[in-house]
$ cat input_3.cif   # mmCIF, C-alpha atoms
data_query
#
loop_
_atom_site.label_atom_id
_atom_site.label_comp_id
_atom_site.auth_asym_id
_atom_site.auth_seq_id
_atom_site.Cartn_x
_atom_site.Cartn_y
_atom_site.Cartn_z
CA MET F 1 -11.83 39.32 26.65
CA GLU F 2 -10.44 38.61 23.18
CA LEU F 3 -10.62 34.88 23.75
CA ARG F 4 -14.26 35.19 24.81
CA HIS F 5 -14.96 37.20 21.67
CA TYR F 6 -13.30 34.58 19.47
CA TRP F 7 -15.24 31.84 21.18
CA SER F 8 -18.51 33.65 20.60
CA ILE F 9 -17.70 33.86 16.89
CA ILE F 10 -16.92 30.15 16.74
CA TRP F 11 -20.09 29.28 18.62
CA ARG F 12 -22.19 31.53 16.38
CA ARG F 13 -20.76 29.87 13.25
CA ILE F 14 -20.52 26.38 14.67
CA TRP F 15 -22.71 25.03 11.89
CA ILE F 16 -20.00 25.77 9.32
CA ILE F 17 -17.39 23.88 11.33
CA ALA F 18 -19.76 21.00 12.02
CA LEU F 19 -20.66 20.72 8.32
CA ILE F 20 -17.07 20.56 7.09
CA VAL F 21 -15.83 18.27 9.86
CA GLY F 22 -18.91 16.05 9.43
CA ILE F 23 -18.30 15.58 5.70
CA ILE F 24 -14.62 14.78 6.26
CA ALA F 25 -15.50 12.47 9.17
CA ILE F 26 -17.92 10.49 6.97
CA TYR F 27 -15.30 10.17 4.24
CA SER F 28 -12.56 9.20 6.72
CA GLY F 29 -14.83 6.67 8.41
CA TYR F 30 -15.64 5.03 5.08
CA GLN F 31 -11.96 4.88 4.11
CA TYR F 32 -11.03 3.43 7.49
CA TYR F 33 -13.76 0.81 7.14
CA LYS F 34 -12.25 -0.22 3.80
CA LEU F 35 -8.80 -0.38 5.38
CA ARG F 36 -10.12 -2.67 8.09
CA GLN F 37 -11.10 -5.24 5.48
CA PRO F 38 -8.60 -8.04 4.77
CA GLU F 39 -7.69 -6.47 1.43
CA GLY F 40 -7.29 -3.03 2.98
CA GLY F 41 -3.61 -3.46 3.71
CA LEU F 42 -3.34 -2.36 7.34
CA LYS F 43 -1.67 -5.68 8.08
CA ALA F 44 -0.13 -8.25 5.78
CA TYR F 45 1.66 -11.57 5.88
CA GLN F 46 5.17 -11.75 4.47
CA SER F 47 7.22 -14.65 3.17
CA THR F 48 10.60 -14.62 1.41
CA LEU F 49 12.31 -17.21 -0.76
CA THR F 50 15.66 -17.09 -2.55
CA ILE F 51 16.10 -18.25 -6.14
CA GLN F 52 19.53 -18.88 -7.64
CA ILE F 53 19.95 -18.11 -11.33
CA GLY F 54 22.78 -19.88 -13.12
CA LEU F 55 23.94 -21.73 -16.21
CA GLN F 56 23.76 -25.43 -16.95
CA ALA F 57 25.11 -27.43 -19.84
CA PRO F 58 22.66 -29.45 -21.97
CA ASN F 59 23.98 -32.67 -20.38
CA ASN F 60 22.63 -31.37 -17.01
CA SER F 61 26.11 -30.89 -15.59
CA VAL F 62 26.40 -27.72 -13.59
CA ILE F 63 29.17 -25.44 -14.77
CA THR F 64 31.77 -25.11 -12.02
CA SER F 65 35.47 -24.36 -11.69
CA SER F 66 36.26 -28.04 -12.28
CA ASN F 67 34.77 -28.18 -15.76
CA ALA F 68 35.38 -24.64 -17.02
CA THR F 69 38.38 -22.49 -17.72
CA SER F 70 39.22 -19.47 -15.59
CA ASN F 71 38.03 -17.14 -18.36
CA ASN F 72 34.76 -19.01 -18.64
CA ILE F 73 34.19 -18.89 -14.87
CA SER F 74 34.32 -15.09 -14.91
CA TYR F 75 32.11 -15.00 -17.98
CA TYR F 76 29.56 -17.38 -16.54
CA ALA F 77 29.47 -15.48 -13.23
CA SER F 78 28.83 -12.13 -14.91
CA THR F 79 26.26 -13.68 -17.22
CA SER F 80 24.43 -15.32 -14.31
CA GLU F 81 24.27 -11.98 -12.51
CA ALA F 82 22.90 -10.30 -15.64
CA LEU F 83 20.25 -13.01 -15.98
CA ALA F 84 19.34 -12.73 -12.30
CA ASP F 85 18.95 -8.98 -12.72
CA GLU F 86 16.69 -9.56 -15.71
CA PHE F 87 14.59 -12.11 -13.80
CA ALA F 88 14.16 -9.72 -10.86
CA SER F 89 12.90 -6.93 -13.11
CA ASP F 90 9.24 -5.99 -13.37
CA GLN F 91 9.24 -7.10 -17.01
CA VAL F 92 9.65 -10.74 -15.92
CA ILE F 93 8.57 -11.58 -12.39
CA LYS F 94 5.77 -9.00 -12.32
CA SER F 95 4.63 -9.60 -15.87
CA SER F 96 1.09 -10.78 -16.47
CA THR F 97 2.42 -13.94 -18.13
CA PHE F 98 4.48 -14.94 -15.10
CA ASP F 99 1.71 -14.05 -12.65
CA ARG F 100 -0.85 -16.06 -14.59
CA GLN F 101 1.49 -19.05 -14.57
CA VAL F 102 1.81 -18.64 -10.79
CA ILE F 103 -2.00 -18.85 -10.60
CA GLN F 104 -1.97 -22.00 -12.73
CA GLN F 105 0.70 -23.50 -10.48
CA ILE F 106 -1.39 -22.78 -7.37
CA GLN F 107 -4.36 -24.46 -9.04
CA ALA F 108 -2.21 -27.49 -9.85
CA ASP F 109 -0.89 -27.65 -6.29
CA LEU F 110 -4.42 -27.53 -4.88
CA GLN F 111 -5.63 -30.22 -7.28
CA GLN F 112 -2.74 -32.43 -6.26
CA ASP F 113 -3.25 -31.83 -2.54
CA PRO F 114 -6.41 -29.88 -1.54
CA GLN F 115 -5.24 -29.82 2.09
CA ARG F 116 -1.78 -28.52 1.24
CA TYR F 117 -2.38 -25.15 2.88
CA GLY F 118 -4.88 -26.34 5.47
CA ALA F 119 -8.54 -27.26 5.46
CA ASN F 120 -10.69 -24.49 3.96
CA ALA F 121 -7.60 -22.30 3.66
CA ASP F 122 -8.24 -18.66 2.84
CA LEU F 123 -5.87 -17.76 -0.01
CA GLY F 124 -7.34 -14.31 -0.60
CA SER F 125 -7.78 -13.01 -4.17
CA TRP F 126 -5.08 -15.34 -5.51
CA GLN F 127 -6.76 -15.62 -8.93
CA ASP F 128 -6.07 -11.93 -9.68
CA PRO F 129 -2.75 -11.63 -11.56
CA THR F 130 -2.60 -7.89 -10.98
CA ALA F 131 -2.86 -8.38 -7.22
CA ILE F 132 -0.12 -11.02 -7.31
CA GLY F 133 2.20 -8.73 -9.26
CA ALA F 134 1.61 -5.91 -6.78
CA ALA F 135 2.41 -8.25 -3.86
CA ILE F 136 5.88 -9.21 -5.15
CA THR F 137 9.12 -7.36 -4.42
CA THR F 138 12.60 -8.51 -5.35
CA LEU F 139 16.17 -7.90 -4.27
CA ARG F 140 19.13 -9.23 -6.25
CA SER F 141 22.52 -10.09 -4.76
CA HIS F 142 24.93 -11.46 -7.39
CA ASN F 143 23.04 -14.38 -8.95
CA LEU F 144 20.64 -14.77 -6.01
CA VAL F 145 17.20 -13.18 -6.15
CA ASP F 146 15.26 -12.68 -2.91
CA VAL F 147 11.54 -12.70 -3.71
CA THR F 148 9.27 -11.28 -1.00
CA VAL F 149 5.50 -11.78 -1.04
CA ASN F 150 3.17 -9.55 1.01
CA TRP F 151 -0.38 -10.89 1.08
CA SER F 152 -3.56 -10.48 3.11
CA THR F 153 -3.68 -14.08 4.37
CA ALA F 154 -1.02 -16.45 5.68
CA ALA F 155 -2.13 -19.37 3.51
CA GLY F 156 -2.22 -17.18 0.40
CA THR F 157 1.27 -15.85 1.14
CA ARG F 158 2.66 -19.35 1.43
CA ALA F 159 0.85 -20.56 -1.70
CA ILE F 160 2.06 -17.67 -3.86
CA ALA F 161 5.65 -17.86 -2.62
CA THR F 162 5.77 -21.62 -3.20
CA ALA F 163 4.29 -21.29 -6.69
CA ILE F 164 6.80 -18.57 -7.64
CA GLY F 165 9.68 -20.89 -6.80
CA GLU F 166 8.11 -23.78 -8.70
CA VAL F 167 7.41 -21.69 -11.80
CA ALA F 168 10.91 -20.21 -11.80
CA ALA F 169 12.57 -23.61 -11.42
CA ALA F 170 10.47 -25.25 -14.13
CA HIS F 171 10.02 -22.47 -16.70
CA ILE F 172 12.91 -20.03 -16.30
CA GLY F 173 13.97 -20.66 -19.91
CA SER F 174 10.67 -19.30 -21.26
CA TYR F 175 11.21 -15.98 -19.50
CA LEU F 176 14.93 -15.64 -20.16
CA ASP F 177 14.45 -17.11 -23.60
CA TYR F 178 17.94 -17.53 -24.99
CA GLU F 179 20.99 -19.68 -24.64
CA VAL F 180 24.30 -18.30 -23.46
CA GLY F 181 27.68 -19.04 -24.96
CA ASN F 182 30.99 -17.26 -25.40
CA ALA F 183 33.06 -16.86 -28.49
CA SER F 184 35.44 -19.74 -27.72
CA SER F 185 32.60 -22.24 -27.13
CA GLN F 186 30.93 -21.23 -30.38
CA ALA F 187 34.18 -21.47 -32.30
CA ASN F 188 34.79 -24.96 -30.93
CA ASN F 189 31.17 -25.97 -31.54
CA ALA F 190 30.87 -26.65 -27.85
CA ALA F 191 27.45 -27.05 -26.34
CA GLN F 192 26.15 -23.75 -25.04
CA PRO F 193 25.01 -23.64 -21.41
CA LEU F 194 21.33 -23.14 -20.65
CA VAL F 195 19.69 -20.79 -18.17
CA THR F 196 18.70 -22.59 -14.98
CA ALA F 197 17.00 -21.62 -11.73
CA ARG F 198 16.81 -23.47 -8.43
CA ILE F 199 15.27 -22.68 -5.08
CA PHE F 200 18.22 -21.67 -2.91
CA SER F 201 16.07 -21.28 0.22
CA GLN F 202 12.47 -22.36 0.68
CA PRO F 203 9.74 -19.78 1.45
CA SER F 204 9.91 -18.62 5.04
CA THR F 205 6.98 -19.06 7.41
CA PRO F 206 4.52 -16.19 6.78
CA ALA F 207 4.99 -13.48 9.40
CA LEU F 208 2.55 -10.69 10.22
CA VAL F 209 3.92 -7.27 9.23
CA ALA F 210 2.61 -3.77 8.62
CA GLY F 211 0.66 -3.59 5.39
CA PRO F 212 1.19 -1.14 2.53
CA ASN F 213 -1.58 1.12 3.88
CA ALA F 214 -0.53 1.02 7.53
CA ASN F 215 0.12 4.78 7.57
CA LYS F 216 -3.28 5.75 6.16
CA PRO F 217 -5.16 5.91 9.52
CA ALA F 218 -2.73 8.61 10.65
CA LEU F 219 -3.31 10.47 7.38
CA LEU F 220 -7.09 10.25 7.88
CA LEU F 221 -6.72 11.64 11.39
CA ALA F 222 -4.58 14.47 10.06
CA LEU F 223 -7.29 15.11 7.45
CA LEU F 224 -9.84 15.55 10.25
CA VAL F 225 -7.58 18.08 11.99
CA VAL F 226 -7.10 19.97 8.73
CA GLY F 227 -10.87 19.96 8.19
CA LEU F 228 -11.37 21.43 11.68
CA LEU F 229 -8.87 24.21 10.96
CA ILE F 230 -10.51 24.96 7.62
CA GLY F 231 -13.92 25.10 9.28
CA ILE F 232 -12.68 27.56 11.92
CA ALA F 233 -11.04 29.71 9.24
CA LEU F 234 -14.26 29.79 7.21
CA ALA F 235 -16.25 30.69 10.33
CA PHE F 236 -14.05 33.74 10.93
CA LEU F 237 -14.19 34.64 7.23
CA VAL F 238 -18.00 34.59 7.22
CA GLU F 239 -18.01 36.62 10.42
CA TYR F 240 -15.68 39.17 8.84
CA LEU F 241 -17.91 39.53 5.79
CA ASP F 242 -21.07 39.84 7.93
CA ASP F 243 -21.50 43.55 8.86
CA ARG F 244 -24.65 43.15 11.00
CA ILE F 245 -24.67 44.44 14.61
CA ARG F 246 -25.97 41.89 17.09
CA SER F 247 -25.37 43.39 20.54
CA SER F 248 -24.97 46.68 22.37
CA GLN F 249 -21.30 45.85 22.97
CA GLU F 250 -20.70 45.66 19.23
CA ALA F 251 -22.53 48.97 18.72
CA LEU F 252 -20.46 50.71 21.44
CA GLN F 253 -17.25 49.35 19.97
CA LEU F 254 -18.18 50.36 16.44
CA LEU F 255 -19.69 53.84 17.09
CA GLN F 256 -17.51 54.86 20.05
CA LEU F 257 -20.55 56.57 21.66
CA PRO F 258 -22.04 56.20 25.16
CA SER F 259 -25.19 54.13 25.67
CA TYR F 260 -28.10 55.66 27.68
CA GLY F 261 -30.61 52.85 27.32
CA GLU F 262 -31.55 49.69 25.51
CA VAL F 263 -34.87 48.63 24.03
CA PRO F 264 -35.64 45.10 25.20
CA ARG F 265 -36.32 42.37 22.70
CA ALA F 266 -40.03 41.89 21.95
CA PRO F 267 -41.43 38.81 23.69
CA ALA F 268 -42.55 35.83 21.68
CA PRO F 269 -46.31 35.49 21.16
CA GLY F 270 -47.96 34.04 24.26
CA HIS F 271 -45.13 35.04 26.61
CA ARG F 272 -45.14 37.91 29.11
CA VAL F 273 -42.28 40.29 29.60
CA SER F 274 -40.39 39.52 32.83
CA GLN F 275 -40.20 42.06 35.67
CA ALA F 276 -36.44 42.41 35.13
CA ALA F 277 -36.97 43.32 31.49
CA GLN F 278 -39.64 45.89 32.36
CA LYS F 279 -37.26 47.61 34.75
#
$ encode --input "input_3.cif" --output "structure tokens"
Amino acid sequence: MELRHYWSIIWRRIWIIALIVGIIAIYSGYQYYKLRQPEGGLKAYQSTLTIQIGLQAPNNSVITSSNATSNNISYYASTSEALADEFASDQVIKSSTFDRQVIQQIQADLQQDPQRYGANADLGSWQDPTAIGAAITTLRSHNLVDVTVNWSTAAGTRAIATAIGEVAAAHIGSYLDYEVGNASSQANNAAQPLVTARIFSQPSTPALVAGPNANKPALLLALLVVGLLIGIALAFLVEYLDDRIRSSQEALQLLQLPSYGEVPRAPAPGHRVSQAAQK
């Protein structure tokens, strides 16, 4: 009996529930439509390359154990790791200057070979430096920096990852803008080694992965459920605040008095009272 009573309340106030759920459904549908667009982020393409940060003497000879003392080897190793950590930071690889140079490198690559990434390749919004910075994540291991690019298109992912490696290899000195030398090399007027970067592993083939907004459809569905619960709660609240009596059952329950008769509802104009109602 209680369940039937609750259902009657919900049915009587169904307009409240429908209004709230309808508004949330329209909002959720619009958000889901945006997520379904290529830039929405439900799915993305991912490519990773590894860049090695090190030191190189001005005569282009790489500093190794054969041309450095044991003290210098330890110093150079720690310095290379510090430089790699600096390169992997947001202040360098996600800076607007670096991202704009990546855009310029992509433009140069396309001018050199328009078919480099395929005929009529869709690179996405590759001319937006903010979008490029948001698509880059890094992970440093010693003097190796793994750079991962998540982008809306496969061609764009490959283009951005390739350009990052090219910019790092060609212009690392402008972002880590100093020369490195220890006390002994300075005292002996030895040439100080320069910061260098090389592509340790080429960008991987773009693979389809879950995008940054892949969990949002579940959140939108949960929002609909919450809206339904809120609508039901408001329906019961309005019913609680409404003190009108709508049926003989409500009157009997409220007054706790017996019922000896009931006046039938007046018929609508143009309609006759049925025989059952007259009896």
$ residues_around --input "input_3.cif" --residues "Ser259 (chain F)" --least-positions-apart "4" --cutoff "10 Å" --atoms "only C-alpha atoms" --output "VMD selection string"
chain F and resid 248 to 249 251 to 252
$ write_last_selection --input "input_3.cif" --atoms "C-alpha atoms" --output "compact mmCIF listing (two decimals), keeping the file's coordinate frame"
# COMPACT_ATOMS: atom_id res chain seq x y z
CA SER F 248 -24.97 46.68 22.37
CA GLN F 249 -21.30 45.85 22.97
CA ALA F 251 -22.53 48.97 18.72
CA LEU F 252 -20.46 50.71 21.44
$ atom_distance --input "input_3.cif" --atom1 "CA of Phe200 (chain F)" --atom2 "CA of Gln56 (chain F)"
15.6 Å
$ residues_around --input "input_3.cif" --residues "Ile53 (chain F)" --least-positions-apart "2" --cutoff "7 Å" --atoms "only C-alpha atoms" --output "list in words"
Ile51, Ser80, Leu83, Ala84, Asn143, Leu144, Thr196, Ala197 and Arg198 of chain F
$ closest_residue --input "input_3.cif" --among "F:Ser47, F:Ser28, F:Thr157, F:Thr97" --to "Leu123 (chain F)" --atoms "all atoms listed in the file"
F:Thr157
$ residues_near_point --input "input_3.cif" --point "(-2.2, -14.3, -10.0)" --cutoff "9 Å" --atoms "only C-alpha atoms" --output "number ranges by chain"
F: 96, 98-104, 106, 125-133, 160
$ closest_residue --input "input_3.cif" --among "F:Tyr260, F:Phe87, F:Trp151, F:Tyr175" --to "Gln46 (chain F)" --atoms "only C-alpha atoms"
F:Trp151
$ atom_distance --input "input_3.cif" --atom1 "CA of Gly124 (chain F)" --atom2 "CA of Glu86 (chain F)"
28.8 Å
$ resolve_selection --input "input_3.cif" --expression "the PyMOL selection byres ((chain F and resi 24) around 10)" --output "tab-separated table (two decimals) with C-alpha atoms, keeping the file's coordinate frame"
chain	number	residue	atom	x	y	z
F	18	ALA	CA	-19.76	21.00	12.02
F	19	LEU	CA	-20.66	20.72	8.32
F	20	ILE	CA	-17.07	20.56	7.09
F	21	VAL	CA	-15.83	18.27	9.86
F	22	GLY	CA	-18.91	16.05	9.43
F	23	ILE	CA	-18.30	15.58	5.70
F	25	ALA	CA	-15.50	12.47	9.17
F	26	ILE	CA	-17.92	10.49	6.97
F	27	TYR	CA	-15.30	10.17	4.24
F	28	SER	CA	-12.56	9.20	6.72
F	29	GLY	CA	-14.83	6.67	8.41
F	30	TYR	CA	-15.64	5.03	5.08
F	220	LEU	CA	-7.09	10.25	7.88
F	221	LEU	CA	-6.72	11.64	11.39
F	223	LEU	CA	-7.29	15.11	7.45
F	224	LEU	CA	-9.84	15.55	10.25
F	225	VAL	CA	-7.58	18.08	11.99
F	226	VAL	CA	-7.10	19.97	8.73
F	227	GLY	CA	-10.87	19.96	8.19
F	228	LEU	CA	-11.37	21.43	11.68
$ atom_distance --input "input_3.cif" --atom1 "CA of Leu255 (chain F)" --atom2 "CA of His5 (chain F)"
17.9 Å
$ closest_residue --input "input_3.cif" --among "F:Arg140, F:Arg116, F:Lys216, F:His171" --to "Asp85 (chain F)" --atoms "only C-alpha atoms"
F:Arg140
$ closest_residue --input "input_3.cif" --among "F:Ile199, F:Ala88, F:Ile14, F:Ala159" --to "Leu49 (chain F)" --atoms "all atoms listed in the file"
F:Ile199
$ closest_residue --input "input_3.cif" --among "F:Asp90, F:Gln111, F:Leu194, F:Gln37" --to "Gly54 (chain F)" --atoms "only C-alpha atoms"
F:Leu194
$ resolve_selection --input "input_3.cif" --expression "the PyMOL selection byres ((chain F and resi 9-11) around 8)" --output "ChimeraX atom specification"
/F:5-8,12-14,232,235-236,239
$ closest_residue --input "input_3.cif" --among "F:Gln91, F:Pro193, F:Gln52, F:Ala155" --to "Tyr75 (chain F)" --atoms "all atoms listed in the file"
F:Pro193
$ residues_around --input "input_3.cif" --residues "Thr205 (chain F)" --least-positions-apart "2" --cutoff "9 Å" --atoms "all atoms listed in the file" --output "PyMOL selection string"
chain F and resi 46-48+154+158+203+207
